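Raw upload-v4.cif, mmCIF, C-alpha atoms:
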```
data_run
loop_
_atom_site.group_PDB
_atom_site.id
_atom_site.type_symbol
_atom_site.label_atom_id
_atom_site.label_comp_id
_atom_site.auth_asym_id
_atom_site.auth_seq_id
_atom_site.Cartn_x
_atom_site.Cartn_y
_atom_site.Cartn_z
ATOM 1 C CA MET A 1 122.432 280.072 170.918
ATOM 2 C CA SER A 2 123.861 283.524 171.454
ATOM 3 C CA ALA A 3 127.041 284.071 173.452
ATOM 4 C CA ALA A 4 125.251 285.958 176.191
ATOM 5 C CA ASP A 5 126.728 286.220 179.648
ATOM 6 C CA ILE A 6 124.029 285.750 182.293
ATOM 7 C CA ARG A 7 124.975 287.343 185.607
ATOM 8 C CA PRO A 8 123.420 289.051 188.605
ATOM 9 C CA ALA A 9 122.194 292.508 187.647
ATOM 10 C CA VAL A 10 123.752 295.522 189.333
ATOM 11 C CA GLU A 11 122.503 299.079 189.643
ATOM 12 C CA ALA A 12 124.786 300.170 186.777
ATOM 13 C CA ASP A 13 122.627 297.951 184.499
ATOM 14 C CA LEU A 14 119.432 299.812 185.329
ATOM 15 C CA PRO A 15 119.582 302.469 182.579
ATOM 16 C CA ALA A 16 119.686 299.696 179.938
ATOM 17 C CA ILE A 17 117.039 297.666 181.792
ATOM 18 C CA THR A 18 114.832 300.755 182.048
ATOM 19 C CA ALA A 19 115.146 301.335 178.286
ATOM 20 C CA ILE A 20 114.247 297.707 177.478
ATOM 21 C CA TYR A 21 111.197 297.888 179.720
ATOM 22 C CA GLU A 22 110.172 301.319 178.424
ATOM 23 C CA ARG A 23 110.011 299.945 174.900
ATOM 24 C CA GLU A 24 107.763 297.106 176.050
ATOM 25 C CA VAL A 25 105.478 299.445 177.990
ATOM 26 C CA LEU A 26 105.117 301.791 175.009
ATOM 27 C CA HIS A 27 104.895 299.231 172.204
ATOM 28 C CA GLY A 28 104.225 295.752 173.609
ATOM 29 C CA THR A 29 101.615 293.826 175.505
ATOM 30 C CA ALA A 30 103.852 291.714 177.763
ATOM 31 C CA THR A 31 103.249 294.267 180.512
ATOM 32 C CA PHE A 32 100.005 296.027 181.267
ATOM 33 C CA GLU A 33 101.745 299.165 182.523
ATOM 34 C CA LEU A 34 100.743 302.176 180.442
ATOM 35 C CA THR A 35 103.360 304.715 181.524
ATOM 36 C CA PRO A 36 107.013 303.673 181.565
ATOM 37 C CA PRO A 37 108.600 303.939 184.997
ATOM 38 C CA ASP A 38 111.629 306.207 185.155
ATOM 39 C CA LEU A 39 115.092 305.171 186.311
ATOM 40 C CA ALA A 40 114.355 306.175 189.918
ATOM 41 C CA GLU A 41 111.300 303.901 190.021
ATOM 42 C CA MET A 42 113.140 301.024 188.353
ATOM 43 C CA THR A 43 115.918 301.472 190.913
ATOM 44 C CA ARG A 44 113.360 301.353 193.737
ATOM 45 C CA ARG A 45 111.886 298.134 192.322
ATOM 46 C CA PHE A 46 115.342 296.597 191.863
ATOM 47 C CA ARG A 47 116.323 297.407 195.455
ATOM 48 C CA ALA A 48 113.053 296.032 196.836
ATOM 49 C CA LEU A 49 113.715 292.681 195.147
ATOM 50 C CA ALA A 50 117.354 292.685 196.246
ATOM 51 C CA ASP A 51 116.309 293.491 199.830
ATOM 52 C CA GLY A 52 113.933 290.513 199.683
ATOM 53 C CA SER A 53 116.763 288.235 198.466
ATOM 54 C CA PHE A 54 115.087 287.621 195.122
ATOM 55 C CA PRO A 55 117.240 286.973 192.037
ATOM 56 C CA TYR A 56 117.564 289.690 189.392
ATOM 57 C CA LEU A 57 119.675 288.794 186.356
ATOM 58 C CA ALA A 58 121.110 290.615 183.360
ATOM 59 C CA ALA A 59 122.019 289.199 179.951
ATOM 60 C CA GLU A 60 125.040 290.872 178.426
ATOM 61 C CA VAL A 61 126.346 290.544 174.865
ATOM 62 C CA ALA A 62 129.550 292.322 173.825
ATOM 63 C CA GLY A 63 129.391 294.528 176.931
ATOM 64 C CA GLU A 64 125.767 295.598 176.370
ATOM 65 C CA VAL A 65 122.796 294.607 178.543
ATOM 66 C CA VAL A 66 120.277 293.095 176.117
ATOM 67 C CA GLY A 67 117.853 291.461 178.512
ATOM 68 C CA TYR A 68 116.965 290.830 182.111
ATOM 69 C CA ALA A 69 114.921 288.536 184.293
ATOM 70 C CA TYR A 70 113.852 288.533 187.890
ATOM 71 C CA ALA A 71 111.645 286.745 190.346
ATOM 72 C CA GLY A 72 109.595 288.378 193.030
ATOM 73 C CA PRO A 73 106.812 287.541 195.430
ATOM 74 C CA TYR A 74 103.772 286.012 193.745
ATOM 75 C CA ARG A 75 101.412 287.475 196.345
ATOM 76 C CA PRO A 76 102.048 289.294 199.643
ATOM 77 C CA ARG A 77 100.233 286.875 201.999
ATOM 78 C CA PRO A 78 102.647 284.683 204.015
ATOM 79 C CA ALA A 79 101.253 281.360 202.759
ATOM 80 C CA TYR A 80 102.609 282.291 199.298
ATOM 81 C CA ARG A 81 106.191 282.709 200.584
ATOM 82 C CA PHE A 82 107.503 279.670 198.658
ATOM 83 C CA THR A 83 105.989 280.814 195.346
ATOM 84 C CA VAL A 84 107.557 283.386 193.045
ATOM 85 C CA GLU A 85 106.423 285.169 189.904
ATOM 86 C CA ASN A 86 108.950 285.559 187.118
ATOM 87 C CA SER A 87 109.565 288.221 184.486
ATOM 88 C CA VAL A 88 111.813 288.052 181.420
ATOM 89 C CA TYR A 89 112.378 290.959 179.018
ATOM 90 C CA LEU A 90 114.659 291.209 175.986
ATOM 91 C CA ALA A 91 115.683 293.932 173.588
ATOM 92 C CA PRO A 92 113.926 293.219 170.258
ATOM 93 C CA ALA A 93 117.247 292.774 168.434
ATOM 94 C CA VAL A 94 118.009 289.625 170.431
ATOM 95 C CA HIS A 95 114.662 287.828 170.244
ATOM 96 C CA ARG A 96 114.835 284.185 169.127
ATOM 97 C CA GLN A 97 118.538 283.788 169.911
ATOM 98 C CA GLY A 98 118.200 281.633 173.031
ATOM 99 C CA ILE A 99 118.934 284.463 175.459
ATOM 100 C CA GLY A 100 115.465 284.367 177.013
ATOM 101 C CA MET A 101 115.894 280.645 177.717
ATOM 102 C CA LYS A 102 119.325 281.178 179.228
ATOM 103 C CA LEU A 103 117.895 283.866 181.500
ATOM 104 C CA LEU A 104 114.892 281.770 182.501
ATOM 105 C CA ARG A 105 116.930 278.618 183.202
ATOM 106 C CA ARG A 106 119.348 280.574 185.389
ATOM 107 C CA LEU A 107 116.422 282.261 187.152
ATOM 108 C CA ILE A 108 114.862 278.861 187.870
ATOM 109 C CA ASP A 109 118.184 277.610 189.285
ATOM 110 C CA GLU A 110 118.561 280.716 191.465
ATOM 111 C CA CYS A 111 115.019 280.376 192.830
ATOM 112 C CA GLU A 112 115.489 276.683 193.580
ATOM 113 C CA ALA A 113 118.708 277.482 195.453
ATOM 114 C CA ARG A 114 116.743 279.965 197.590
ATOM 115 C CA GLY A 115 114.167 277.319 198.559
ATOM 116 C CA HIS A 116 111.274 278.464 196.397
ATOM 117 C CA ARG A 117 108.922 275.660 195.352
ATOM 118 C CA GLN A 118 106.677 277.081 192.624
ATOM 119 C CA MET A 119 107.160 279.655 189.862
ATOM 120 C CA ILE A 120 104.230 281.439 188.246
ATOM 121 C CA ALA A 121 104.386 283.194 184.888
ATOM 122 C CA VAL A 122 101.694 285.795 184.313
ATOM 123 C CA ILE A 123 101.993 286.402 180.574
ATOM 124 C CA GLY A 124 100.403 289.500 179.130
ATOM 125 C CA ASP A 125 98.376 288.856 175.969
ATOM 126 C CA SER A 126 97.323 285.344 174.967
ATOM 127 C CA ALA A 127 98.771 286.132 171.513
ATOM 128 C CA ASN A 128 102.268 286.373 173.049
ATOM 129 C CA ALA A 129 103.424 283.117 171.437
ATOM 130 C CA GLY A 130 107.098 283.850 172.128
ATOM 131 C CA SER A 131 106.686 284.045 175.895
ATOM 132 C CA ILE A 132 104.210 281.169 176.054
ATOM 133 C CA GLY A 133 106.577 279.007 174.003
ATOM 134 C CA LEU A 134 109.593 279.992 176.100
ATOM 135 C CA HIS A 135 107.844 279.030 179.314
ATOM 136 C CA SER A 136 106.518 275.768 177.826
ATOM 137 C CA ARG A 137 110.036 274.776 176.738
ATOM 138 C CA ALA A 138 111.256 275.549 180.279
ATOM 139 C CA GLY A 139 108.782 273.095 181.804
ATOM 140 C CA PHE A 140 105.893 275.407 182.655
ATOM 141 C CA GLU A 141 102.351 274.123 182.289
ATOM 142 C CA MET A 142 99.331 276.141 181.269
ATOM 143 C CA ILE A 143 97.070 276.647 184.278
ATOM 144 C CA GLY A 144 94.566 279.088 182.841
ATOM 145 C CA THR A 145 93.699 282.259 181.034
ATOM 146 C CA HIS A 146 92.052 285.358 182.423
ATOM 147 C CA PRO A 147 90.177 286.692 179.396
ATOM 148 C CA ASN A 148 89.861 290.409 178.745
ATOM 149 C CA VAL A 149 91.369 291.643 182.019
ATOM 150 C CA GLY A 150 93.639 294.360 180.609
ATOM 151 C CA PHE A 151 92.848 297.235 178.281
ATOM 152 C CA LYS A 152 95.809 298.588 176.318
ATOM 153 C CA PHE A 153 96.245 300.056 172.842
ATOM 154 C CA GLY A 154 92.475 300.329 172.483
ATOM 155 C CA ARG A 155 91.786 296.636 172.922
ATOM 156 C CA TRP A 156 91.099 294.053 175.593
ATOM 157 C CA LEU A 157 93.930 291.678 176.463
ATOM 158 C CA ASP A 158 94.076 288.354 178.271
ATOM 159 C CA THR A 159 96.640 287.145 180.748
ATOM 160 C CA VAL A 160 97.917 283.610 180.478
ATOM 161 C CA MET A 161 98.902 281.824 183.666
ATOM 162 C CA MET A 162 101.625 279.178 183.586
ATOM 163 C CA GLN A 163 103.272 277.348 186.473
ATOM 164 C CA ARG A 164 106.373 275.238 187.097
ATOM 165 C CA ALA A 165 107.449 273.327 190.184
ATOM 166 C CA LEU A 166 110.866 274.257 191.563
ATOM 167 C CA GLY A 167 113.127 271.763 193.290
ATOM 168 C CA GLU A 168 111.003 269.369 195.332
ATOM 169 C CA GLY A 169 107.858 271.306 194.407
ATOM 170 C CA ALA A 170 104.923 270.263 196.549
ATOM 171 C CA GLY A 171 106.442 266.834 197.209
ATOM 172 C CA THR A 172 107.766 267.713 200.655
ATOM 173 C CA THR A 173 107.134 270.236 203.405
ATOM 174 C CA PRO A 174 109.373 273.288 202.934
ATOM 175 C CA ARG A 175 111.642 274.571 205.673
ATOM 176 C CA GLY A 176 110.952 278.060 206.959
#
```
Could I get this file's structure written as structure tokens?
Amino acid sequence: MSAADIRPAVEADLPAITAIYEREVLHGTATFELTPPDLAEMTRRFRALADGSFPYLAAEVAGEVVGYAYAGPYRPRPAYRFTVENSVYLAPAVHRQGIGMKLLRRLIDECEARGHRQMIAVIGDSANAGSIGLHSRAGFEMIGTHPNVGFKFGRWLDTVMMQRALGEGAGTTPRG
């Protein structure tokens, strides 16, 4: 496992985070965005999650941000308030070094501490074996696939839905 430091992200991390995400938008299928958001938009998104008290983490190796993860609202309706959707992105140079798992485990812990009860992963592209495997190893279960719902790079792409209980899950009534 890599010697990555996992810590809360700060605004100074956003240029590196923006670059990691831009690469995925332009060359990957983990996100269905087609145009990379600029730093101002990524800052707006970061602040919106921070204002909602959602965790946003950075992975740092040798002083460089090489990955990030965050959780945000799964859906806007109030009945979903105990369910979050997660995102994990890494620079290609650090794939398969355990950093994604470190980020995801810390994200799960942070969400449990905030009282969330379910975490949903919406994984772009059913061929994304790395992300599907990561989530499986972190205790997520496959709950379904939406076939052919995204069109990117001249082809139709699926989304894979995975879910993991947090803390007491659905075993008790949440407070709040």
Using only C-alpha atoms, which protein or nucleic acid residues come within 6 Å of Asp158 in chain A? Drop anything in the same chain fewer than 6 positions from it, and give the result as a tab-separated table (two decimals) with C-alpha atoms, in the frame of the given file.
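Final file, selection_29.tsv:
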```
chain	number	residue	atom	x	y	z
A	125	ASP	CA	98.38	288.86	175.97
A	126	SER	CA	97.32	285.34	174.97
A	146	HIS	CA	92.05	285.36	182.42
A	147	PRO	CA	90.18	286.69	179.40
A	148	ASN	CA	89.86	290.41	178.74
A	149	VAL	CA	91.37	291.64	182.02
```
Assuming the chain letters and numbering stay as they are in my file, what does the PyMOL selection byres ((chain A and resi 18-24) around 12) actually select? List them as a ChimeraX atom specification.
/A:11-17,25-46,58-59,64-69,87-94,124
Counting all atoms listed in the file, which residues come within 9 Å of (100.7, 283.0, 187.8), with the point read in the file's coordinates, and could you list them as a PyMOL selection string?
chain A and resi 74+84-86+119-123+143-144+160-163
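What separates CA of Lys102 in chain A from CA of Glu168 in chain A is a distance of 21.6 Å.
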In Å, how far is it from CA of Leu107 in chain A to CA of Tyr56 in chain A?
7.8 Å
Apply the PyMOL selection byres ((chain A and resi 114) around 12) to the structure shown and report the selected residues as a PyMOL selection string.
chain A and resi 52-55+71-72+81-84+107-113+115-118+166-167+174-176
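From CA of Ala62 in chain A back to CA of Asn128 in chain A, the distance works out to 27.9 Å.
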What do you get, as a list in words, if you spell out every residue that the PyMOL selection byres ((chain A and resi 4) around 6) selects here?
Ser2, Ala3, Asp5, Ala59, Glu60 and Val61 of chain A
Within 10 Å of Gly139 in chain A, counting only C-alpha atoms, which residues show up once you throw out same-chain ones fewer than 2 positions away? Write them as a ChimeraX atom specification, please.
/A:105,134-137,141-142,162-165
With 8 Å added on each side, what axis-aligned box encloses every listed atom of range 57-64 of chain A? Give the centre and edge lengths in Å to one decimal, as JSON.
```
{"center_x": 124.6, "center_y": 292.2, "center_z": 180.1, "size_x": 25.9, "size_y": 22.8, "size_z": 28.5}
```
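With all atoms listed in the file as the atoms that count, the minimum distance from Ala48 in chain A to the choices A:Tyr70, A:Gly63, A:Gly169, A:Thr159 is reached by A:Tyr70.
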